[in-house]
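Structure record follows, encoded as structure tokens.
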Amino acid sequence: MKLCTRKICFDILNTADVTSNHERIIDKHKNFTDLNSRDKAFVKVLILTFFRWNRSIEKIINKYSKKKSEKKIINILRIAVTQILFMRTADYSAVNISVSLSKKFGSSVSRFVNAILRQVCRDKQEILKSLKREENIPDWIFKNWKKNFSSNSAVKFAHQSLKEPFLDIKVKKEFFKKKNWSKLLNGKPLFGELIRKNNSGLIEELPFFSAGYWWIQSAASTIPVTIIENYFKKGSPKVLEIGSAPGGKTLQLCENNFDVTAVEISKKRAVKLKENLSRTKFNVKLINEDFNKWKSRQKYDCVLIDAPCSGSGVINKQPDILYFKRKLNLENLISRQEKLLKKSLRFLRKNGLLVYSVCSLISEESKDIIYKILENNKDFSLLKLDGKLINNIQVKIIDGMIYSTPTCYQNKGGMDGFFVSCIIKGEKN
Ligand SMILES: C[S@@+](CC[C@H](N)C(=O)[O-])C[C@H]1O[C@@H](n2cnc3c(N)ncnc32)[C@H](O)[C@@H]1O
């Protein structure tokens, strides 16, 4: 059975260079779907751990192997080195299974694999001590973190980005005080109605999942709706939400009884959103359409844009960006973000509030885009955010804009890299 999980990892890595999304290559693998939940979790952890550390692993393999090998042999080594250095697999098991996998390439290949892996096992402590975590972060991201925060912060962000992520669970307000959620979900309270737990096992099997008493939502991503709640303390604003699926923020808007219109371009993601709405027994007007083509004369008290972005703030959850060689087209993302922002302005009523968020700390897709929109639209102004609007949770506030970073709540596992900024139609009060 163990050989089977490693064989599936091996097959997955052999196809990984041509696609760009770990969910597609793992979940769609024909033998993966037949695994039990424990083995599925193992395969995912192994592949994602390899993606996170792939640049360091490449260096180590190159150092020990000297000669150039074909990609399939390198993939066998990658799977073994990932386990030896970064997982709890016993060294002998990682080596033996990889040597078995290599036998079909001939005895000289399996001797070569065996020799390298035994050397890595012998030098393990020394290798671990000399690892530079930041070498795994693409230069353009690391430099941007350094420029916007500091060298020290960038190194800390890199360290946090390579860790296994926690799972944050947002409990419905009405049920939060009624049960001991930390005990029920085997986690710890973070802030608000959030419980943080280890990301293991099947989410669907956790208590009160089917009853819809909670949903998955990262701590950082609760910030935009917390701002909306505090800004519209009284009343029930009409909110237009752009880029809604899978729906963490939509559900949070719904639990406040806001009147929500949710726009989502992707059919597949809209299905996920509908499932989440039905499980939690909430209702919205869902528009499964490209917002750029959507026509309406309605005005809204609030527009929330959770824009498509580089995802560079959630590397620990989506480490694809560290592995796939396809260069991320940042220019294209920025122009999509700008287009959404520009169009959304026309739906705001006078004094209405626009909330813009991205799970990225890269300046071009966060503050720069906001300044550009303000520069070109003089009847809109920046609402300078302060601690009060976010219930004084731990974040960085720079020039009235919010940055949650992996060093916020660091002793509790950190936060996603997440940016939030607000614009008001008209003069600020
Ligand atoms: C960051 S994700 C949203 C996450 C979501 N707000 C949540 O909290 O679960 C961005 C979403 O924007 C959607 N999107 C991208 N371009 C869009 C467009 N032109 N119109 C509507 N939705 C769009 C994407 O399909 C994606 O689901």
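Please note that chains go A, B, ... in the order of the structure tokens, that every chain numbers its residues from 1, and that ligands are numbered from 1 in the order shown.
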Spatial neighbours of Pro138 of chain A, max dist 12 Å, only C-alpha atoms, sep filter under 3 positions, as a list in words
Arg52, Trp53, Asn54, Arg55, Arg133, Glu134, Glu135, Ile141, Phe142, Lys143, Asn144, Trp145, Ala154, Ala158, Ser161, Ser312, Ile315, Pro319, Asp320, Ile321, Leu322, Tyr323, Phe324, Lys325, Lys327 and Leu328 of chain A
Just want the residues within 6 Å of ligand 1, written as a PyMOL selection string, counting only C-alpha atoms and all ligand atoms.
chain A and resi 242-249+263-266+290-292+306-308
Every residue of segment 162-402 of chain A that DSSP places in helix (DSSP H, G or I), as an MDAnalysis selection string:
chainID A and resid 173:176 181:185 203:205 220:231 248:255 267:280 291:293 320:323 330:345 363:365 367:376 387:390
File dump, residues just selected, C-alpha atoms, as a PDB file, in the first residue's frame:
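Output file result03.pdb is given in full below:
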```pdb
ATOM      1  CA  LYS A 173     -22.286  33.910  15.466  1.00  0.00           C
ATOM      2  CA  GLU A 174     -25.604  32.542  16.731  1.00  0.00           C
ATOM      3  CA  PHE A 175     -24.007  29.218  17.721  1.00  0.00           C
ATOM      4  CA  PHE A 176     -20.566  30.356  18.852  1.00  0.00           C
ATOM      5  CA  TRP A 181     -16.168  24.605  19.741  1.00  0.00           C
ATOM      6  CA  SER A 182     -12.472  24.241  20.635  1.00  0.00           C
ATOM      7  CA  LYS A 183     -13.232  20.860  22.146  1.00  0.00           C
ATOM      8  CA  LEU A 184     -15.691  19.800  19.468  1.00  0.00           C
ATOM      9  CA  LEU A 185     -13.376  20.681  16.580  1.00  0.00           C
ATOM     10  CA  ILE A 203     -13.649  18.307   6.841  1.00  0.00           C
ATOM     11  CA  GLU A 204     -17.052  16.734   6.112  1.00  0.00           C
ATOM     12  CA  GLU A 205     -16.602  14.423   9.104  1.00  0.00           C
ATOM     13  CA  ALA A 220      -7.321  37.047   7.432  1.00  0.00           C
ATOM     14  CA  SER A 221     -10.153  36.741   4.969  1.00  0.00           C
ATOM     15  CA  THR A 222     -12.727  37.619   7.649  1.00  0.00           C
ATOM     16  CA  ILE A 223     -11.336  41.185   7.754  1.00  0.00           C
ATOM     17  CA  PRO A 224     -13.273  42.699   4.795  1.00  0.00           C
ATOM     18  CA  VAL A 225     -16.691  41.708   6.165  1.00  0.00           C
ATOM     19  CA  THR A 226     -15.723  42.748   9.716  1.00  0.00           C
ATOM     20  CA  ILE A 227     -15.045  46.219   8.289  1.00  0.00           C
ATOM     21  CA  ILE A 228     -18.443  46.228   6.544  1.00  0.00           C
ATOM     22  CA  GLU A 229     -20.178  45.113   9.777  1.00  0.00           C
ATOM     23  CA  ASN A 230     -18.536  47.890  11.788  1.00  0.00           C
ATOM     24  CA  TYR A 231     -19.007  50.558   9.130  1.00  0.00           C
ATOM     25  CA  GLY A 248     -16.321  32.441   2.853  1.00  0.00           C
ATOM     26  CA  LYS A 249     -17.115  36.149   2.696  1.00  0.00           C
ATOM     27  CA  THR A 250     -20.567  35.586   1.177  1.00  0.00           C
ATOM     28  CA  LEU A 251     -21.575  33.427   4.163  1.00  0.00           C
ATOM     29  CA  GLN A 252     -20.137  35.988   6.574  1.00  0.00           C
ATOM     30  CA  LEU A 253     -22.169  38.738   4.840  1.00  0.00           C
ATOM     31  CA  CYS A 254     -25.293  36.554   5.042  1.00  0.00           C
ATOM     32  CA  GLU A 255     -24.993  35.870   8.771  1.00  0.00           C
ATOM     33  CA  LYS A 267     -19.429  27.872 -13.272  1.00  0.00           C
ATOM     34  CA  LYS A 268     -17.544  25.254 -11.274  1.00  0.00           C
ATOM     35  CA  ARG A 269     -16.797  27.592  -8.392  1.00  0.00           C
ATOM     36  CA  ALA A 270     -20.394  28.869  -8.394  1.00  0.00           C
ATOM     37  CA  VAL A 271     -21.542  25.271  -7.812  1.00  0.00           C
ATOM     38  CA  LYS A 272     -19.273  25.122  -4.743  1.00  0.00           C
ATOM     39  CA  LEU A 273     -20.728  28.429  -3.526  1.00  0.00           C
ATOM     40  CA  LYS A 274     -24.286  27.108  -3.973  1.00  0.00           C
ATOM     41  CA  GLU A 275     -23.401  23.974  -1.980  1.00  0.00           C
ATOM     42  CA  ASN A 276     -21.973  26.122   0.827  1.00  0.00           C
ATOM     43  CA  LEU A 277     -25.045  28.382   0.831  1.00  0.00           C
ATOM     44  CA  SER A 278     -27.412  25.443   0.918  1.00  0.00           C
ATOM     45  CA  ARG A 279     -25.507  23.689   3.737  1.00  0.00           C
ATOM     46  CA  THR A 280     -25.451  26.845   5.879  1.00  0.00           C
ATOM     47  CA  PHE A 291     -18.836  41.004 -13.873  1.00  0.00           C
ATOM     48  CA  ASN A 292     -17.256  42.912 -16.763  1.00  0.00           C
ATOM     49  CA  LYS A 293     -20.238  41.952 -18.933  1.00  0.00           C
ATOM     50  CA  ASP A 320       2.012  25.765  -6.884  1.00  0.00           C
ATOM     51  CA  ILE A 321       3.523  29.204  -7.464  1.00  0.00           C
ATOM     52  CA  LEU A 322       6.833  27.872  -6.082  1.00  0.00           C
ATOM     53  CA  TYR A 323       7.017  24.953  -8.473  1.00  0.00           C
ATOM     54  CA  LEU A 330       1.350  39.703 -13.034  1.00  0.00           C
ATOM     55  CA  GLU A 331       0.640  42.414 -15.628  1.00  0.00           C
ATOM     56  CA  ASN A 332      -2.416  40.526 -16.784  1.00  0.00           C
ATOM     57  CA  LEU A 333      -3.661  40.043 -13.209  1.00  0.00           C
ATOM     58  CA  ILE A 334      -3.202  43.718 -12.424  1.00  0.00           C
ATOM     59  CA  SER A 335      -5.154  44.751 -15.496  1.00  0.00           C
ATOM     60  CA  ARG A 336      -7.984  42.333 -14.508  1.00  0.00           C
ATOM     61  CA  GLN A 337      -8.013  43.772 -10.964  1.00  0.00           C
ATOM     62  CA  GLU A 338      -8.093  47.319 -12.319  1.00  0.00           C
ATOM     63  CA  LYS A 339     -10.916  46.528 -14.714  1.00  0.00           C
ATOM     64  CA  LEU A 340     -13.056  45.031 -11.923  1.00  0.00           C
ATOM     65  CA  LEU A 341     -12.343  47.975  -9.625  1.00  0.00           C
ATOM     66  CA  LYS A 342     -13.066  50.576 -12.286  1.00  0.00           C
ATOM     67  CA  LYS A 343     -16.393  49.051 -13.275  1.00  0.00           C
ATOM     68  CA  SER A 344     -17.479  48.470  -9.678  1.00  0.00           C
ATOM     69  CA  LEU A 345     -17.308  52.205  -8.859  1.00  0.00           C
ATOM     70  CA  SER A 363       2.434  46.292  -3.917  1.00  0.00           C
ATOM     71  CA  GLU A 364       1.375  46.298  -7.584  1.00  0.00           C
ATOM     72  CA  GLU A 365      -1.793  44.357  -6.837  1.00  0.00           C
ATOM     73  CA  LYS A 367      -1.789  49.637  -2.585  1.00  0.00           C
ATOM     74  CA  ASP A 368      -0.531  50.746  -6.042  1.00  0.00           C
ATOM     75  CA  ILE A 369      -3.780  49.802  -7.711  1.00  0.00           C
ATOM     76  CA  ILE A 370      -5.795  51.692  -5.074  1.00  0.00           C
ATOM     77  CA  TYR A 371      -3.701  54.852  -5.494  1.00  0.00           C
ATOM     78  CA  LYS A 372      -4.094  54.613  -9.269  1.00  0.00           C
ATOM     79  CA  ILE A 373      -7.890  54.295  -9.020  1.00  0.00           C
ATOM     80  CA  LEU A 374      -8.037  57.276  -6.643  1.00  0.00           C
ATOM     81  CA  GLU A 375      -5.800  59.321  -8.927  1.00  0.00           C
ATOM     82  CA  ASN A 376      -8.095  58.713 -11.902  1.00  0.00           C
ATOM     83  CA  GLY A 387      -7.980  49.216  14.553  1.00  0.00           C
ATOM     84  CA  LYS A 388     -11.544  49.959  15.670  1.00  0.00           C
ATOM     85  CA  LEU A 389     -13.009  48.951  12.298  1.00  0.00           C
ATOM     86  CA  ILE A 390     -11.407  45.509  12.566  1.00  0.00           C
TER      87      ILE A 390
END
```
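When atom CA of Val284 of chain A is paired with atom CA of Cys302 of chain A, their separation reads 15.0 Å.
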Using atom CA of Val95 of chain A and atom CA of Asp27 of chain A as the two end points, give the distance in Å to one decimal.
26.0 Å
List every residue of segment 291-387 of chain A that DSSP, applied to the backbone of this structure, places in strand (DSSP E), and write the result as an mmCIF file with all heavy atoms, in the first residue's frame.
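Listing of states14.cif after writing:
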```
data_model
loop_
_atom_site.group_PDB
_atom_site.id
_atom_site.type_symbol
_atom_site.label_atom_id
_atom_site.label_comp_id
_atom_site.auth_asym_id
_atom_site.auth_seq_id
_atom_site.Cartn_x
_atom_site.Cartn_y
_atom_site.Cartn_z
ATOM 1 N N TYR A 300 -25.590 50.275 -4.894
ATOM 2 C CA TYR A 300 -25.384 49.505 -3.659
ATOM 3 C C TYR A 300 -24.751 50.367 -2.576
ATOM 4 O O TYR A 300 -23.998 51.296 -2.874
ATOM 5 C CB TYR A 300 -24.499 48.284 -3.945
ATOM 6 C CG TYR A 300 -25.173 47.295 -4.867
ATOM 7 C CD1 TYR A 300 -25.137 47.477 -6.251
ATOM 8 C CD2 TYR A 300 -25.887 46.222 -4.353
ATOM 9 C CE1 TYR A 300 -25.790 46.603 -7.099
ATOM 10 C CE2 TYR A 300 -26.539 45.336 -5.206
ATOM 11 C CZ TYR A 300 -26.481 45.532 -6.567
ATOM 12 O OH TYR A 300 -27.131 44.665 -7.400
ATOM 13 N N ASP A 301 -25.046 50.024 -1.318
ATOM 14 C CA ASP A 301 -24.403 50.726 -0.194
ATOM 15 C C ASP A 301 -22.938 50.328 -0.106
ATOM 16 O O ASP A 301 -22.102 51.096 0.361
ATOM 17 C CB ASP A 301 -25.072 50.332 1.138
ATOM 18 C CG ASP A 301 -26.549 50.628 1.111
ATOM 19 O OD1 ASP A 301 -26.894 51.802 0.901
ATOM 20 O OD2 ASP A 301 -27.358 49.686 1.262
ATOM 21 N N CYS A 302 -22.676 49.118 -0.556
ATOM 22 C CA CYS A 302 -21.316 48.596 -0.398
ATOM 23 C C CYS A 302 -20.979 47.655 -1.550
ATOM 24 O O CYS A 302 -21.831 46.865 -1.984
ATOM 25 C CB CYS A 302 -21.258 47.845 0.935
ATOM 26 S SG CYS A 302 -19.700 47.045 1.234
ATOM 27 N N VAL A 303 -19.756 47.759 -2.056
ATOM 28 C CA VAL A 303 -19.271 46.799 -3.053
ATOM 29 C C VAL A 303 -18.026 46.139 -2.464
ATOM 30 O O VAL A 303 -17.132 46.828 -1.968
ATOM 31 C CB VAL A 303 -18.915 47.490 -4.388
ATOM 32 C CG1 VAL A 303 -18.305 46.483 -5.357
ATOM 33 C CG2 VAL A 303 -20.142 48.135 -5.009
ATOM 34 N N LEU A 304 -18.014 44.810 -2.474
ATOM 35 C CA LEU A 304 -16.840 44.076 -1.977
ATOM 36 C C LEU A 304 -16.206 43.348 -3.161
ATOM 37 O O LEU A 304 -16.871 42.545 -3.821
ATOM 38 C CB LEU A 304 -17.288 43.075 -0.898
ATOM 39 C CG LEU A 304 -16.281 42.002 -0.469
ATOM 40 C CD1 LEU A 304 -14.990 42.609 0.072
ATOM 41 C CD2 LEU A 304 -16.891 41.092 0.603
ATOM 42 N N ILE A 305 -14.947 43.665 -3.435
ATOM 43 C CA ILE A 305 -14.239 42.939 -4.508
ATOM 44 C C ILE A 305 -13.137 42.106 -3.878
ATOM 45 O O ILE A 305 -12.205 42.639 -3.281
ATOM 46 C CB ILE A 305 -13.549 43.903 -5.498
ATOM 47 C CG1 ILE A 305 -14.536 44.934 -6.020
ATOM 48 C CG2 ILE A 305 -12.924 43.135 -6.661
ATOM 49 C CD1 ILE A 305 -13.909 45.908 -6.996
ATOM 50 N N ASP A 306 -13.258 40.799 -4.015
ATOM 51 C CA ASP A 306 -12.171 39.916 -3.584
ATOM 52 C C ASP A 306 -11.543 39.441 -4.892
ATOM 53 O O ASP A 306 -11.994 38.483 -5.506
ATOM 54 C CB ASP A 306 -12.760 38.761 -2.775
ATOM 55 C CG ASP A 306 -11.695 38.002 -2.014
ATOM 56 O OD1 ASP A 306 -10.617 38.572 -1.782
ATOM 57 O OD2 ASP A 306 -11.945 36.834 -1.658
ATOM 58 N N LEU A 348 -21.772 52.096 -6.861
ATOM 59 C CA LEU A 348 -21.834 52.614 -5.486
ATOM 60 C C LEU A 348 -22.773 53.804 -5.399
ATOM 61 O O LEU A 348 -22.695 54.724 -6.222
ATOM 62 C CB LEU A 348 -20.443 53.094 -5.051
ATOM 63 C CG LEU A 348 -19.491 52.130 -4.366
ATOM 64 C CD1 LEU A 348 -18.269 52.895 -3.896
ATOM 65 C CD2 LEU A 348 -20.153 51.419 -3.182
ATOM 66 N N ARG A 349 -23.636 53.806 -4.411
ATOM 67 C CA ARG A 349 -24.452 54.998 -4.175
ATOM 68 C C ARG A 349 -23.561 56.061 -3.514
ATOM 69 O O ARG A 349 -22.444 55.741 -3.060
ATOM 70 C CB ARG A 349 -25.650 54.664 -3.294
ATOM 71 C CG ARG A 349 -25.246 54.253 -1.872
ATOM 72 C CD ARG A 349 -26.222 54.757 -0.845
ATOM 73 N NE ARG A 349 -25.998 54.159 0.456
ATOM 74 C CZ ARG A 349 -25.167 54.623 1.389
ATOM 75 N NH1 ARG A 349 -24.413 55.696 1.157
ATOM 76 N NH2 ARG A 349 -25.054 54.018 2.552
ATOM 77 N N LYS A 350 -24.068 57.318 -3.439
ATOM 78 C CA LYS A 350 -23.280 58.389 -2.825
ATOM 79 C C LYS A 350 -22.938 58.005 -1.373
ATOM 80 O O LYS A 350 -23.770 57.447 -0.662
ATOM 81 C CB LYS A 350 -24.073 59.689 -2.859
ATOM 82 C CG LYS A 350 -23.240 60.878 -2.504
ATOM 83 C CD LYS A 350 -23.874 62.178 -2.960
ATOM 84 C CE LYS A 350 -22.955 63.346 -2.724
ATOM 85 N NZ LYS A 350 -22.556 63.554 -1.369
ATOM 86 N N ASN A 351 -21.733 58.251 -0.990
ATOM 87 C CA ASN A 351 -21.192 57.876 0.334
ATOM 88 C C ASN A 351 -21.067 56.365 0.529
ATOM 89 O O ASN A 351 -20.831 55.894 1.637
ATOM 90 C CB ASN A 351 -22.019 58.449 1.489
ATOM 91 C CG ASN A 351 -21.976 59.941 1.495
ATOM 92 O OD1 ASN A 351 -20.942 60.528 1.145
ATOM 93 N ND2 ASN A 351 -23.080 60.578 1.830
ATOM 94 N N GLY A 352 -21.288 55.598 -0.529
ATOM 95 C CA GLY A 352 -21.164 54.140 -0.428
ATOM 96 C C GLY A 352 -19.710 53.722 -0.209
ATOM 97 O O GLY A 352 -18.771 54.486 -0.460
ATOM 98 N N LEU A 353 -19.562 52.485 0.248
ATOM 99 C CA LEU A 353 -18.228 51.984 0.634
ATOM 100 C C LEU A 353 -17.768 50.878 -0.314
ATOM 101 O O LEU A 353 -18.505 49.915 -0.556
ATOM 102 C CB LEU A 353 -18.320 51.401 2.055
ATOM 103 C CG LEU A 353 -17.067 50.689 2.593
ATOM 104 C CD1 LEU A 353 -16.017 51.722 3.017
ATOM 105 C CD2 LEU A 353 -17.426 49.806 3.790
ATOM 106 N N LEU A 354 -16.559 51.026 -0.850
ATOM 107 C CA LEU A 354 -15.981 49.949 -1.654
ATOM 108 C C LEU A 354 -14.855 49.289 -0.862
ATOM 109 O O LEU A 354 -13.972 49.978 -0.332
ATOM 110 C CB LEU A 354 -15.427 50.508 -2.969
ATOM 111 C CG LEU A 354 -14.841 49.425 -3.872
ATOM 112 C CD1 LEU A 354 -15.330 49.599 -5.296
ATOM 113 C CD2 LEU A 354 -13.331 49.425 -3.852
ATOM 114 N N VAL A 355 -14.923 47.958 -0.749
ATOM 115 C CA VAL A 355 -13.865 47.233 -0.034
ATOM 116 C C VAL A 355 -13.134 46.368 -1.055
ATOM 117 O O VAL A 355 -13.766 45.586 -1.766
ATOM 118 C CB VAL A 355 -14.454 46.335 1.082
ATOM 119 C CG1 VAL A 355 -13.347 45.652 1.871
ATOM 120 C CG2 VAL A 355 -15.349 47.138 2.005
ATOM 121 N N TYR A 356 -11.818 46.541 -1.133
ATOM 122 C CA TYR A 356 -11.018 45.779 -2.105
ATOM 123 C C TYR A 356 -10.043 44.888 -1.343
ATOM 124 O O TYR A 356 -9.350 45.356 -0.428
ATOM 125 C CB TYR A 356 -10.244 46.761 -2.996
ATOM 126 C CG TYR A 356 -9.239 46.101 -3.924
ATOM 127 C CD1 TYR A 356 -9.648 45.505 -5.113
ATOM 128 C CD2 TYR A 356 -7.878 46.071 -3.608
ATOM 129 C CE1 TYR A 356 -8.727 44.898 -5.966
ATOM 130 C CE2 TYR A 356 -6.954 45.469 -4.450
ATOM 131 C CZ TYR A 356 -7.386 44.879 -5.628
ATOM 132 O OH TYR A 356 -6.482 44.277 -6.459
ATOM 133 N N SER A 357 -10.021 43.596 -1.690
ATOM 134 C CA SER A 357 -9.058 42.726 -1.003
ATOM 135 C C SER A 357 -8.384 41.763 -1.976
ATOM 136 O O SER A 357 -8.952 41.403 -3.011
ATOM 137 C CB SER A 357 -9.741 41.940 0.118
ATOM 138 O OG SER A 357 -10.714 41.068 -0.404
ATOM 139 N N VAL A 358 -7.153 41.396 -1.641
ATOM 140 C CA VAL A 358 -6.419 40.358 -2.382
ATOM 141 C C VAL A 358 -5.593 39.551 -1.382
ATOM 142 O O VAL A 358 -5.157 40.087 -0.359
ATOM 143 C CB VAL A 358 -5.434 40.941 -3.443
ATOM 144 C CG1 VAL A 358 -6.110 41.251 -4.753
ATOM 145 C CG2 VAL A 358 -4.654 42.132 -2.920
ATOM 146 N N PHE A 380 -13.863 60.002 -5.659
ATOM 147 C CA PHE A 380 -13.758 58.919 -4.668
ATOM 148 C C PHE A 380 -12.582 59.221 -3.741
ATOM 149 O O PHE A 380 -11.602 59.835 -4.170
ATOM 150 C CB PHE A 380 -13.524 57.569 -5.359
ATOM 151 C CG PHE A 380 -14.719 57.100 -6.126
ATOM 152 C CD1 PHE A 380 -14.960 57.567 -7.421
ATOM 153 C CD2 PHE A 380 -15.619 56.215 -5.559
ATOM 154 C CE1 PHE A 380 -16.085 57.151 -8.123
ATOM 155 C CE2 PHE A 380 -16.746 55.794 -6.264
ATOM 156 C CZ PHE A 380 -16.971 56.267 -7.551
ATOM 157 N N SER A 381 -12.686 58.801 -2.476
ATOM 158 C CA SER A 381 -11.554 59.061 -1.574
ATOM 159 C C SER A 381 -11.256 57.825 -0.721
ATOM 160 O O SER A 381 -12.098 56.928 -0.559
ATOM 161 C CB SER A 381 -11.853 60.269 -0.679
ATOM 162 O OG SER A 381 -13.121 60.119 -0.115
ATOM 163 N N LEU A 382 -10.037 57.818 -0.199
ATOM 164 C CA LEU A 382 -9.599 56.669 0.601
ATOM 165 C C LEU A 382 -10.221 56.755 1.997
ATOM 166 O O LEU A 382 -10.180 57.806 2.621
ATOM 167 C CB LEU A 382 -8.070 56.703 0.720
ATOM 168 C CG LEU A 382 -7.440 55.546 1.485
ATOM 169 C CD1 LEU A 382 -7.431 54.290 0.629
ATOM 170 C CD2 LEU A 382 -6.003 55.889 1.884
ATOM 171 N N LEU A 383 -10.811 55.660 2.460
ATOM 172 C CA LEU A 383 -11.249 55.617 3.864
ATOM 173 C C LEU A 383 -10.074 55.040 4.636
ATOM 174 O O LEU A 383 -9.710 53.873 4.447
ATOM 175 C CB LEU A 383 -12.474 54.713 4.026
ATOM 176 C CG LEU A 383 -12.875 54.469 5.485
ATOM 177 C CD1 LEU A 383 -13.516 55.716 6.089
ATOM 178 C CD2 LEU A 383 -13.831 53.290 5.619
#
```
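Atom to atom, atom CA of Ile76 of chain A and atom CA of Ser107 of chain A stand 14.6 Å apart.
The shortest atom-to-atom distance to Ile169 of chain A, with only C-alpha atoms taken into account, belongs to A:Asn199 out of A:Asn14, A:Asn199, A:Ser65, A:Ser151.
Shell of Leu361 of chain A at 7 Å, with only C-alpha atoms counted and residues fewer than 5 places along the chain excluded, is Gly313, Ser366, Gly417, Phe418 and Phe419 of chain A.
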Counting only C-alpha atoms, which of A:Leu240, A:Ala219, A:Leu131, A:Cys309 gets nearest to Asp168 of chain A?
A:Ala219
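Residue nearest Ile79 of chain A within the list A:Tyr92, A:Lys63, A:Cys9, A:Val109: A:Cys9 [criterion: smallest interatomic distance, only C-alpha atoms].
Shortest separation to Glu126 of chain A among A:Arg38, A:Leu85, A:Asn391, A:Asn186 occurs at residue A:Leu85, atoms counted being only C-alpha atoms.
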With a distance cut-off of 12 Å and only C-alpha atoms, select the neighbouring residues of Asn31 of chain A, excluding the residue or stretch itself and same-chain residues fewer than 2 positions from it, and output the selection as a ChimeraX atom specification.
/A:4-12,25-29,33-36,39-40,43
If we count only C-alpha atoms, what is near Phe86 of chain A at a cut-off of 12 Å, once residues fewer than 3 positions away on the same chain are taken out, given as a ChimeraX atom specification?
/A:45-54,56-57,78-83,89-91,94,121,124-125,127-128,131,162-164
For each of A:Leu286, A:Ile393, A:Ile116, A:Leu202, take the minimum atom-to-atom distance to Ser37 of chain A, counting only C-alpha atoms, then give the residue where this is smallest.
A:Leu202
